[in-house]
Amino acid sequence: MLSEQDIADLRAALEANRPATVWFTAKAVGVESGKSGKVLSFAEPAEGDFIEVKPTGSQDTLSFSPAELTLTRPKRQPAPKKPAPVAPVAPDPVEIQEYRPEEVEKPTKPKAKPAARRMRTPTDVTVTLHATPRGEWTVEV
């Protein structure tokens with residue numbers, strides 16, 4: 001949380017055109033706790049006690065209260081340790097039985113002689129469709 005002295009120091013840095021860096025606390029809404037940002041301006045007292053900050057890596061300018069900011073840089077979290085590789089466990093030996101059928105000779109069929117093609121005479125067919133106004137229909141062959 002920023003104290004009255006911290007706010008006065010930030011105002012002085014802005015007037016001297018020095019970049020002022022702040023860090024976000026867990027109370028900050030919309031940004032990750034521990035992330036940093038640059039102070040751009042202070043809101044007019046009539047608007048409330050807000051500080052305009054541009055979070056690092058963002059193009060946005062957001063308003064924060066002094067409770068959401070700090071001048072104390074948070075300690076870096078150590079990188080998570082990678083778990084030690086687990087040695088593979090040898091599976092229990094499994095007896096595998098494979099079935100292989102004996103090869104059987106297929107009987108050979110004598111080649112059939114081509115049958116003489118028979119000429120078929122065409123048959124007359126009559127197809128009658130019956131339909132009703134309701135969309136029902138029947139077919140007679």
# chains A, B, ... in the order shown; residues from 1 in each chain; ligands from 1
>>> residues_around(residues="Gly30 in chain A", least_positions_apart="3", cutoff="12 Å", atoms="only C-alpha atoms", output="list in words")
Phe24, Thr25, Ala26, Lys27, Ser33, Lys35, Pro55, Ser58, Asp60, Thr61, Leu62, Ser63, Phe64 and Glu68 of chain A
>>> write_last_selection(atoms="N, CA and C atoms", output="PDB file, in the first residue's frame")
ATOM      1  N   PHE A  24       1.806  -4.013  -8.414  1.00  0.00           N
ATOM      2  CA  PHE A  24       0.414  -4.239  -8.031  1.00  0.00           C
ATOM      3  C   PHE A  24       0.338  -5.209  -6.861  1.00  0.00           C
ATOM      4  N   THR A  25      -0.529  -4.877  -5.915  1.00  0.00           N
ATOM      5  CA  THR A  25      -0.750  -5.747  -4.754  1.00  0.00           C
ATOM      6  C   THR A  25      -1.856  -6.741  -5.091  1.00  0.00           C
ATOM      7  N   ALA A  26      -2.143  -7.623  -4.149  1.00  0.00           N
ATOM      8  CA  ALA A  26      -3.204  -8.615  -4.348  1.00  0.00           C
ATOM      9  C   ALA A  26      -4.580  -7.956  -4.420  1.00  0.00           C
ATOM     10  N   LYS A  27      -4.700  -6.713  -3.945  1.00  0.00           N
ATOM     11  CA  LYS A  27      -5.982  -6.008  -3.980  1.00  0.00           C
ATOM     12  C   LYS A  27      -6.276  -5.403  -5.351  1.00  0.00           C
ATOM     13  N   SER A  33      -1.100  -9.893  -9.402  1.00  0.00           N
ATOM     14  CA  SER A  33      -0.369  -9.413  -8.239  1.00  0.00           C
ATOM     15  C   SER A  33       1.129  -9.595  -8.480  1.00  0.00           C
ATOM     16  N   LYS A  35       2.944  -7.836 -10.588  1.00  0.00           N
ATOM     17  CA  LYS A  35       3.313  -7.288 -11.889  1.00  0.00           C
ATOM     18  C   LYS A  35       3.584  -5.790 -11.722  1.00  0.00           C
ATOM     19  N   PRO A  55       0.120  -0.770 -17.047  1.00  0.00           N
ATOM     20  CA  PRO A  55       0.766  -2.031 -16.678  1.00  0.00           C
ATOM     21  C   PRO A  55       1.796  -2.452 -17.734  1.00  0.00           C
ATOM     22  N   SER A  58       1.174  -3.829 -21.528  1.00  0.00           N
ATOM     23  CA  SER A  58      -0.188  -3.470 -21.910  1.00  0.00           C
ATOM     24  C   SER A  58      -0.183  -2.088 -22.555  1.00  0.00           C
ATOM     25  N   ASP A  60      -3.024  -0.331 -22.299  1.00  0.00           N
ATOM     26  CA  ASP A  60      -4.093   0.319 -21.555  1.00  0.00           C
ATOM     27  C   ASP A  60      -3.546   1.168 -20.419  1.00  0.00           C
ATOM     28  N   THR A  61      -4.309   2.205 -20.082  1.00  0.00           N
ATOM     29  CA  THR A  61      -4.037   3.001 -18.899  1.00  0.00           C
ATOM     30  C   THR A  61      -5.191   2.748 -17.941  1.00  0.00           C
ATOM     31  N   LEU A  62      -4.863   2.274 -16.739  1.00  0.00           N
ATOM     32  CA  LEU A  62      -5.884   1.913 -15.766  1.00  0.00           C
ATOM     33  C   LEU A  62      -5.740   2.755 -14.502  1.00  0.00           C
ATOM     34  N   SER A  63      -6.834   2.948 -13.786  1.00  0.00           N
ATOM     35  CA  SER A  63      -6.833   3.718 -12.542  1.00  0.00           C
ATOM     36  C   SER A  63      -6.789   2.767 -11.350  1.00  0.00           C
ATOM     37  N   PHE A  64      -5.932   3.094 -10.381  1.00  0.00           N
ATOM     38  CA  PHE A  64      -5.781   2.280  -9.181  1.00  0.00           C
ATOM     39  C   PHE A  64      -5.770   3.182  -7.957  1.00  0.00           C
ATOM     40  N   GLU A  68      -3.949  -0.491  -3.905  1.00  0.00           N
ATOM     41  CA  GLU A  68      -3.699  -1.498  -4.926  1.00  0.00           C
ATOM     42  C   GLU A  68      -2.264  -1.452  -5.455  1.00  0.00           C
TER      43      GLU A  68
END
>>> residues_around(residues="Leu129 in chain A", least_positions_apart="6", cutoff="7 Å", atoms="only C-alpha atoms", output="ChimeraX atom specification")
/A:137-140
>>> atom_distance(atom1="CA of Ala16 in chain A", atom2="CA of Ala43 in chain A")
17.8 Å
>>> residues_around(residues="Thr72 in chain A", least_positions_apart="5", cutoff="10 Å", atoms="only C-alpha atoms", output="ChimeraX atom specification")
/A:1-2,21-25,34
>>> residues_around(residues="range 123-125 of chain A", least_positions_apart="3", cutoff="12 Å", atoms="only C-alpha atoms", output="PyMOL selection string")
chain A and resi 120+128+140-141
>>> select_by_dssp(residues="chain A", states="alpha helix (DSSP H)", output="MDAnalysis selection string")
chainID A and resid 4:15
